[in-house]
Each structure stands twice: as structure tokens, then as C-alpha cells.
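One structure is given here, and the rest of the page talks about it.
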Amino acid sequence: MRRQSGLPAEVSSLVGRGPEIAAVRERLRVGRVVTLTGPGGCGKTRLALRVAALAEPGFHDGARLVELAPLTDPALVPASVAQALGVSERDAPTPTAGLVRELAGRELLVVLDNCEHVLAAAAGLAAVLLAQCPRVRVLATSRERLDVPGELVFPVPPLGLPADGSAAAVAGSEAGLLFAARAGAASPAFELTEGNSAAVARVCSRLDGMPLAIELAAARCPALGPAELAARLDGHPGLLSGGPARPGRHRSLEALVAWSYELLGDAERRLLARLSVLRGGFGLGTAEHVAAGGPLPPEAIAGLLASLAGKSLVQVQPGGVIGYSLLETVRQFAAGQLAASGEETEVQLRLLDWALGEARSAEAAVGSTGWAAWAGRLSAGQDSIRAALSWALGGQEPEAGRELAARLARWWIATGRYSEAGQFLTTAAGLPAAAAPGIQARVLLGAAWSAYHLGNNRRAASLAADGVACARQSGEPQLEVWGRNLLAGLAWHAGDADRIVAELEASRALSGQPDPALAARAQVLLANAAWLSGDLAEQARHGALAVELARTAAGQEGLALALTVSAVSAIAGAGLQAATVAALDEAAELTAAHPDRFTETTMRNWRAWLFATLGQLDAAETEVGLCWAAGRSGAVRLVEFLGPLAEARLAAARGDTAAAIGALRRAADGGRRVDVIVFVPASLADLACVAAIAGDESAARRSPPPRCATPRA
């Protein structure tokens with residue numbers, strides 16, 4: 001079965017570049033980091049993507065594109081790379097650490113596109129990956145080299161120019177071919193002939209063979225024609241060609257973009273300038289909200305966007321719903337025009353208002369059937385939302401910025417953007433002016449959940465306690481439930497069953513309709529508390545309730561974990577049933593369809609126990625391997641306990657007590673190492689029992705059962 005590519009499909013064909021493709025592929029064969037350099041518009045990105053597509057079959061784990069142009073904050077580079085590569089941040093102290101853990105054994109080509117404005121951060125991350133992930137290679141594009149050890153640099157040259165003005169020479173040159181292709185796309189009536197070839201050759205030479213400049217010029221052919229186009233370019237003061245090797249090629253491109261801008265109507269100019277505040281892709285509705293106003297009514301935006309797209313100043317992103325984007329060179333020029341217009345603050349405020357509206361609507365949908373759609377909208381618009389948030393928290397609108405961060409907290413946590421949440425929410429929490437209790441509660445609780453998932457339980461506990469206090473003042477019970485749910489989870493890690501019950505009883509007493517996903521998680525924690533206390537019947541009851549609630553949650557969030565917990569009591573000694581196997585089979589199907597490495601690690605551990613108990617030792621061994629694989633690929637710290645525990649159960653089923661004792665010791669050490677104390681007593685208790693059965697009295701004495709041993713098979 002053919003592996004699906006991790007690279008985007010080409011929107012338009014790459015013209016020429018045969019020698020350059022071969023040269024870059026050769027550099028990538030002998031070096032682990034290759035950087036394509038050159039000014040904006042010289043074709044670095046398109047060349048990199050073609051090389052990556054050709055090289056992808058040679059990498060076991062394929063190739064992935066990471067677009068850095070939308071970023072405004074270099075600190076977000078590692079998190080953005082992790083997100084683009086599908087690397088979970090859970091249980092990793094930093095996104096970089098998570099990337100290293102995930103990629104250490106993988107063979108992957110990572111394309112870092114548009115590094116120049118975050119150069120130090122991109123270079124630092126690339127250096128770490130190259131040093132610690134021996135089978136990862138990096139293909140970067142930047143206006144200057146990354147300057148990392150072992151870097152091979154390839155300056156991207158301009159396209160080859162026609163040798164003369166004949167139609168044959170133009171058609172035989174890369175620049176001429178590109179012009180003809182794009183002019184034909186803009187006007188089907190265009191045809192390269194002896195009558196217009198000299199003008200086309202003059203245009204290509206005047207633009208120094210720069211691909212973007214040629215595309216922008218060719219888009220004007222329907223209105224001007226090659227001869228008029230060449231005449232206008234000849235008279236433009238910024239386009240004084242000095243040949244393809246002239247160092248001022250970037251100035252020529254800027255002048256061409258300026259020339260294209262000058263040819264626009266007033267409404268088109270105003271729209272293009274206002275669109276510059278948007279990052280990444282955007283939809284028509286976003287453009288209408290942000291760019292409309294004054295002489296630009298919302299109903300005019302669609303037509304103006306189509307006009308700008310026809311002139312290649314706006315890129316159209318095909319799909320079920322048409323989207324748009326700006327090339328970074330065009331966006332930067334347009335941003336300069338917006339700043340000069342005096343409208344920048346007004347447009348930035350409209351962007352912030354749009355982002356707040358999206359975040360408020362998404363937060364209001366949490367727990368409903370509409371939540372998944374709203375979460376998807378936030379993901380699609382995240383680059384522009386980040387830009388609005390950075391602008392606001394940077395001192396322009398701090399209170400609105402704090403509210404935006406607060407309302408994004410649930411989405412950040414639900415989608416695994418833990419480090420990004422921590423960064424923005426920490427900034428929001430540090431603002432000097434006091435916030436409304438509800439906003440401050442969201443900020444503190446979001447930061448607490450971020451710390452929890454990143455493995456800093458002590459910080460999570462402190463932030464959660466303060467967040468719950470603010471939530472109580474706010475009169476928003478669901479906020480307090482969210483916080484107490486976290487406090488109960490921390491109590492589980494500490495092995496404190498009474499605290500788990502106390503926190504969740506307090507949550508239950510709060511008024512309001514509970515979020516099914518949070519309610520299901522509460523039942524999971526109550527099942528864990530019952531398990532700690534040795535009450536398997538109560539554990540089974542709470543597990544069944546967790547499944548029932550999770551089935552009603554938006555997207556059945558948490559169902560796989562609830563199904564796993566529902567099977568625990570039967571495996572741990574209450575008696576296996578057909579429903580036990582069915583529950584774990586369904587959990588396996590869910591994690592296969594919607595990967596959740598944390599849940600899968602837990603589920604695979606219990607499947608190993610199940611098959612070992614049934615005497616199906618080959619199947620149990622397979623599940624042990626899958627437990628380790630899920631934990632390692634998802635950077636799930638609990639695998640350091642659960643992996644050895646599954647090995648111990650399998651060894652015990654085989655009658656290999658020495659192996660079981662060794663695995664249980666490693667399980668206890670793993671529980672201590674990951675600061676999940678609840679598992680240490682259970683491992684020591686099992687170790688003492690196995691050692692006593694084996695007649696190893698000294699080992700049994702060294703591992704006495706604790707006062708509250710957890711139930712075990």
C-alpha cells in the first residue's frame with residue numbers, strides 16, 4: 001500500500017530547474033542539512049518541495065513540510081515544528097525534548113520553509129535534531145544560511161533567460177517557458193509567437209529571471225499584452241536590469257511588486273494592504289470581517305479577492321471551501337503600505353475582534369456536538385489568531401489579549417498545544433492589571449493543565465489551586481469543575497484516594513449541566529480511587545458510568561480511556577467476561593482511528609494483562625511491544641512504569657519469576673522517576689508477593705507490601 005505523502009500537492013507546475021533539482025538532491029545525499037538561499041521570490045520553496053517529493057520515497061518515515069513564515073514569535077518555532085510533524089508534547093519538558101524523543105529513531109526529511117525571520121530559533125532546533133536524531137535530515141529555505149555544523153548551502157539562481165528574442169529561444173528558456181505558462185493560465189487566448197516573443201524576452205530580462213516577478217508580470221498580460229507590458233517595465237525606475245547575476249535582483253522584485261500594486265484600483269490596493277495582517281490561510285468570512293470598513297463594504301470583498309487572485313497577488317487554496325493566502329514577499333510589501341496608510345491599528349483591532357469572536361464561540365461550544373467544528377476553525381485560523389494575540393499581549397491591547405488567551409485555553413489543552421498554551425497564558429497571568437475572576441480562572445487553569453501535561457505536577461497543583469479559587473469567585477461552575485478535575489488527577493498521581501473523591505464530590509455539588517467529557521473523566525478518576533481502595537465492584541461501577549458518559553460527549557472524547565478503565569476490575573480479579581474483551585477491542589479500534597498515545601499506552605498494558613490471564617502468551621507479548629511503542633512514540637512518561645509492569649505480568653504467566661521480579665523492580669523505579677507515586681506501592685507489593693512465591697525471602701523482605709496495596713491478579 002502506497003504511503004500517503006506528508007507534503008502538500010503542487011498548486012501550479014514547476015517550470016525548468018532540472019540542473020538545480022539534481023544539484024540539491026546530490027547535496028542532500030551527502031549532507032544532513034541543506035539550505036536553499038536567495039532573495040524572496042527566487043523560487044526556493046517550490047524547488048525545495050519538488051526535491052523533497054522526489055526524495056521522499058527514500059525515507060522510511062517520509063518527508064514533512066513545516067511552514068515558518070506565519071510565525072511572529074521565534075519562541076513558537078519548536079512547538080510549530082512538533083505540531084506540523086504530529087509529535088505530542090505530552091510529558092515532555094519542552095517541545096524540543098518531545099521532538100528528540102519522537103524522532104530519535106525515525107528516518108525523516110524535514111523541510112523548514114522561510115527561516116529568515118526566525119533564523120536563530122530555526123538554526124538552534126535544526127542543530128539539536130541533527131545532533132540527537134541521526135536519521136533525520138533537514139532541507140531549509142532562507143534568505144541566508146542557518147550556519148549550523150555540516151550545513152551545505154545552495155544559492156538558488158534565477159531562471160535561465162532567452163538567448164535572443166526569437167520564439168524558439170524564448171520557448172527554450174526557463175524564464176520564457178514560465179512566462180508563457182502563466183500568461184496562458186491568465187488568458188487562454190495567449191500564444192507565444194514570433195510577433196510577441198521579443199517583448200516576452202525583454203520582460204524576462206528586465207525581471208532578471210526572478211520567478212515570482214515573472215509570474216506577477218505574466219498575470220497582467222490579459223490587460224496589457226506583452227508589448228505594452230515590456231514598454232511599461234522599460235520605463236520603471238526600479239527595474240534597471242543588469243543581467244541574471246546582478247546582486248540587486250531582490251530590489252528588482254520589490255520594484256515589480258510595487259509596480260503591480262500601482263496598477264491596482266484604489267479598492268484593490270486598500271484590500272491588499274489590510275489583508276497583510278492575516279497570516280497563513282484565511283477564508284472569505286475572515287477577510288470580510290478584518291478587511292471591510294469605510295469604502296470597502298463586506299459585499300465587495302469577494303469580487304476584489306477574485307480580482308487580486310487573477311493578478312497573482314493573492315493565492316487561491318483549492319479545496320471543499322476555497323481559501324486564500326498571500327506570498328510572504330507580497331504580504332511584507334502590503335504590510336508596509338498598511339503602515340503608511342495610517343490604518344494599521346484599526347485593522348489590527350478588527351483582527352483582534354475577529355479572533356476574540358472565534359475563541360468565544362468555540363469556548364461556548366465545549367461539550368456540545370458543535371465543539372469539533374469550532375476546534376477545527378480555530379486550527380485553520382491559528383496563524384492569524386497567534387498574530388492577533390502577540391500584537392495584543394505585546395502592549396497594544398493587553399486586556400483584550402488576556403481575554404483571548406483565556407478563551408483559547410480549553411482549545412489549546414484539548415488539542416495538545418501545551419507549550420504554546422503555557423507561553424501565552426504565563427504572559428497573560430503576568431499582566432499588572434487585575435482581571436475579572438472568570439478570565440483569571442481560565443488563565444490559571446489553562447496554565448495548570450499545560451504544566452500537568454508537560455510533567456510539572458508541582459507547578460500544576462499550585463496554579464490549579466489558585467485557578468479554582470478564582471473560578472469560585474466567578475460564579476462559573478464549569479470552570480471550577482475543570483479545575484477540580486485536574487486536582488483529582490494530581491491526587492491520583494499521588495495515590496491519594498480520599499483526595500480524589502473529595503475533589504470530585506465537590507465538583508458534583510456544583511450547579512449547572514456537566515460537560516460529558518469532564519463528567520466521564522471524573523468517573524474514570526473515581527474508578528481509580530476505588531481501585532486504590534481495593535473495591536473492585538465500585539471500580540467496575542464507575543468504569544461503566546464513564547463509558548456511558550463518554551459515549552454522549554462531543555466526538556466521544558475520552559471513550560477509549562473509559563472503556564479501558566471499565567475492563568480493569570475484571571482483569572484484576574473480579575472475573576473475566578466477554579464484555580471485558582469487547583471493551584478493550586473497541587478501545588483499540590478507537591485509538592487506531594484517532595491516535596491518542598497516552599490512552600493507547602494504558603490500554604495496551606491492560607490488553608497484555610488480559611491475554612496473559614487467558615493464557616494467550618503470544619498475543620500478550622505482542623501487546624507488551626505495542627505498549628512500549630505507543631509510549632515511546634507519544635513521549636508518554638507512564639510507559640516507564642506500564643511497560644515493565646506488562647512485562648512482569650507476561651513473565652509471571654510464563655512461570656519466569658526471575659524475569660518478573662526484575663521487571664517489577666524496573667516498574668517501581670519508573671514510577672518514582674516519572675513522579676507518579678501511586679504506582680510505586682503497587683509494584684513493591686507485587687514484587688514482594690512474587691518473590692515470596694518464588695522462595696526469595698531476601699527479595700520479599702526488601703520489598704514489603706505497603707499498608708494500602710492495590711488489587712492485583
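Each chain in the C-alpha cells gets a letter, A, B and so on, in the order shown; residues start at 1 in every chain, and ligands are counted from 1 in the order they appear.
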
As a PDB file with C-alpha atoms, in the first residue's frame, please: the residues near A:Glu640 (cut-off 12 Å, only C-alpha atoms, same-chain neighbours under 5 positions excluded).
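Done, and the output landed in part_33.pdb:
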```
ATOM      1  CA  ASP A  91       5.109  14.558  29.232  1.00  0.00           C
ATOM      2  CA  THR A 601      -0.175   3.052  26.247  1.00  0.00           C
ATOM      3  CA  THR A 602      -2.566   2.386  29.138  1.00  0.00           C
ATOM      4  CA  ASN A 605      -0.803  -2.594  29.154  1.00  0.00           C
ATOM      5  CA  CYS A 627       2.591  -0.674  24.834  1.00  0.00           C
ATOM      6  CA  TRP A 628       6.249   0.315  24.609  1.00  0.00           C
ATOM      7  CA  ALA A 629       5.839   1.547  21.019  1.00  0.00           C
ATOM      8  CA  ALA A 630       2.848   3.761  21.848  1.00  0.00           C
ATOM      9  CA  GLY A 631       4.540   5.193  24.925  1.00  0.00           C
ATOM     10  CA  ARG A 632       7.800   5.955  23.180  1.00  0.00           C
ATOM     11  CA  ALA A 635       6.551  10.588  24.707  1.00  0.00           C
ATOM     12  CA  LEU A 645       4.564  -3.909  34.533  1.00  0.00           C
ATOM     13  CA  ALA A 646       3.195  -5.568  31.382  1.00  0.00           C
ATOM     14  CA  GLU A 647       6.491  -7.442  31.003  1.00  0.00           C
ATOM     15  CA  ALA A 663      10.522  -6.198  35.600  1.00  0.00           C
ATOM     16  CA  LEU A 664       8.671  -5.223  38.788  1.00  0.00           C
ATOM     17  CA  ARG A 665      11.790  -3.552  40.153  1.00  0.00           C
ATOM     18  CA  ARG A 666      12.057  -1.553  36.924  1.00  0.00           C
ATOM     19  CA  ALA A 667       8.363  -0.678  37.194  1.00  0.00           C
ATOM     20  CA  ALA A 668       8.828   0.694  40.713  1.00  0.00           C
ATOM     21  CA  ASP A 669      11.886   2.667  39.604  1.00  0.00           C
ATOM     22  CA  GLY A 670       9.909   4.014  36.631  1.00  0.00           C
ATOM     23  CA  GLY A 671       7.053   5.167  38.853  1.00  0.00           C
ATOM     24  CA  ARG A 672       9.499   7.098  41.036  1.00  0.00           C
ATOM     25  CA  ARG A 673      11.289   8.541  38.011  1.00  0.00           C
ATOM     26  CA  VAL A 674       8.131   9.951  36.418  1.00  0.00           C
ATOM     27  CA  ASP A 675       6.816  11.246  39.752  1.00  0.00           C
ATOM     28  CA  VAL A 676       3.661   9.115  39.659  1.00  0.00           C
ATOM     29  CA  PHE A 679       2.373   3.043  41.068  1.00  0.00           C
ATOM     30  CA  VAL A 680       5.351   2.524  43.362  1.00  0.00           C
TER      31      VAL A 680
END
```

Near stretch 46-55 of chain A, 12 Å: stretch 77-159 of chain A residue rows, closest pairs, only C-alpha atoms, as a Markdown table:
```
| residue | atom | partner | partner_atom | distance |
| --- | --- | --- | --- | --- |
| A:Leu108 | CA | A:Ala55 | CA | 10.4 |
| A:Leu109 | CA | A:Ala52 | CA | 7.5 |
| A:Val110 | CA | A:Ala52 | CA | 8.7 |
| A:Val111 | CA | A:Ala48 | CA | 7.5 |
| A:Leu112 | CA | A:Ala48 | CA | 9.4 |
| A:Asp113 | CA | A:Ala48 | CA | 8.4 |
| A:Asn114 | CA | A:Ala48 | CA | 10.9 |
| A:Arg137 | CA | A:Ala52 | CA | 10.8 |
| A:Val138 | CA | A:Ala52 | CA | 10.0 |
| A:Leu139 | CA | A:Ala48 | CA | 7.1 |
| A:Ala140 | CA | A:Ala48 | CA | 7.7 |
| A:Thr141 | CA | A:Ala48 | CA | 7.4 |
| A:Ser142 | CA | A:Ala48 | CA | 10.9 |
| A:Phe154 | CA | A:Ala48 | CA | 10.8 |
| A:Pro155 | CA | A:Leu47 | CA | 11.5 |
| A:Val156 | CA | A:Leu47 | CA | 8.6 |
| A:Pro157 | CA | A:Leu47 | CA | 11.0 |
| A:Pro158 | CA | A:Leu47 | CA | 11.8 |
| A:Leu159 | CA | A:Leu47 | CA | 11.8 |
```

> Separation of atom CA of A:Ala359 and atom CA of A:Ala69, in Å?
Replying inline: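 Atom CA of A:Ala69 lies 23.0 Å from atom CA of A:Ala359.
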
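Put simply, atom CA of A:Gln616 is 15.1 Å away from atom CA of A:Ala648.
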
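The neighbours of A:Ala104 here are the residues that come within 6 Å of it, using only C-alpha atoms and leaving out any residue fewer than 3 positions away in the same chain; they are Val100, Arg101 and Cys133 of chain A.
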
Could you save those same residues with C-alpha atoms as a compact mmCIF listing (two decimals), in the first residue's frame?
```
# COMPACT_ATOMS: atom_id res chain seq x y z
CA VAL A 100 14.03 14.49 20.08
CA ARG A 101 12.22 11.64 21.85
CA CYS A 133 18.32 12.27 15.71
```

>> Show me, as an NGL selection string, the residues that have an atom within 6 Å of A:Val34 when counting only C-alpha atoms, minus same-chain residues fewer than 2 positions from it.
In response: :A and (139 or 151-153)

>> When DSSP is applied to the backbone of this structure, which of stretch 91-307 of chain A are assigned alpha helix (DSSP H)? Write them out as JSON, numbers by chain.
In response: {"A": [95, 96, 97, 98, 99, 100, 101, 102, 103, 119, 120, 121, 122, 123, 124, 125, 126, 127, 128, 129, 130, 131, 132, 167, 168, 169, 170, 171, 174, 175, 176, 177, 178, 179, 180, 181, 182, 183, 184, 185, 186, 197, 198, 199, 200, 201, 202, 203, 204, 205, 206, 211, 212, 213, 214, 215, 216, 217, 218, 221, 222, 223, 224, 225, 226, 227, 228, 229, 230, 231, 232, 233, 234, 249, 250, 251, 252, 253, 254, 255, 256, 257, 258, 259, 260, 261, 262, 266, 267, 268, 269, 270, 271, 272, 273, 274, 275, 284, 285, 286, 287, 288, 289, 290, 291, 298, 299, 300, 301, 302, 303, 304, 305, 306, 307]}

>> Rounded to one decimal, what separation in Å do you get between atom CA of A:Glu262 and atom CA of A:Glu215?
In response: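 We find that atom CA of A:Glu262 and atom CA of A:Glu215 lie 16.5 Å from each other.
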
>> Need the shell around stretch 502-505 of chain A: protein/DNA/RNA residues with any atom at most 7 Å away, counting only C-alpha atoms. Skip same-chain ones fewer than 4 positions apart. Format as a VMD selection string?
In response: chain A and resid 484 to 485 487 to 488 498 509 522

Saved selection, atoms kept: N, CA and C atoms, as a compact mmCIF listing (two decimals), in the first residue's frame:
```txt
# COMPACT_ATOMS: atom_id res chain seq x y z
N ARG A 484 -11.11 21.31 39.43
CA ARG A 484 -11.15 20.22 40.41
C ARG A 484 -10.87 18.87 39.75
N ASN A 485 -11.25 18.77 38.49
CA ASN A 485 -10.92 17.56 37.74
C ASN A 485 -9.40 17.38 37.68
N LEU A 487 -7.19 18.71 39.85
CA LEU A 487 -6.72 18.43 41.21
C LEU A 487 -6.94 16.96 41.56
N ALA A 488 -8.05 16.39 41.09
CA ALA A 488 -8.29 14.97 41.33
C ALA A 488 -7.27 14.11 40.58
N ASP A 498 -8.63 9.36 48.95
CA ASP A 498 -9.56 10.24 49.65
C ASP A 498 -9.62 11.61 48.99
N ALA A 509 -21.22 18.67 43.46
CA ALA A 509 -22.14 19.54 44.19
C ALA A 509 -22.40 20.86 43.47
N ALA A 522 -14.22 12.32 35.30
CA ALA A 522 -14.42 12.24 36.75
C ALA A 522 -14.74 10.80 37.16
```

> Which residue gives the smallest distance to A:Trp371 among A:Arg17, A:Arg459, A:Arg541, A:Arg410, with only C-alpha atoms counted?
Replying inline: A:Arg410
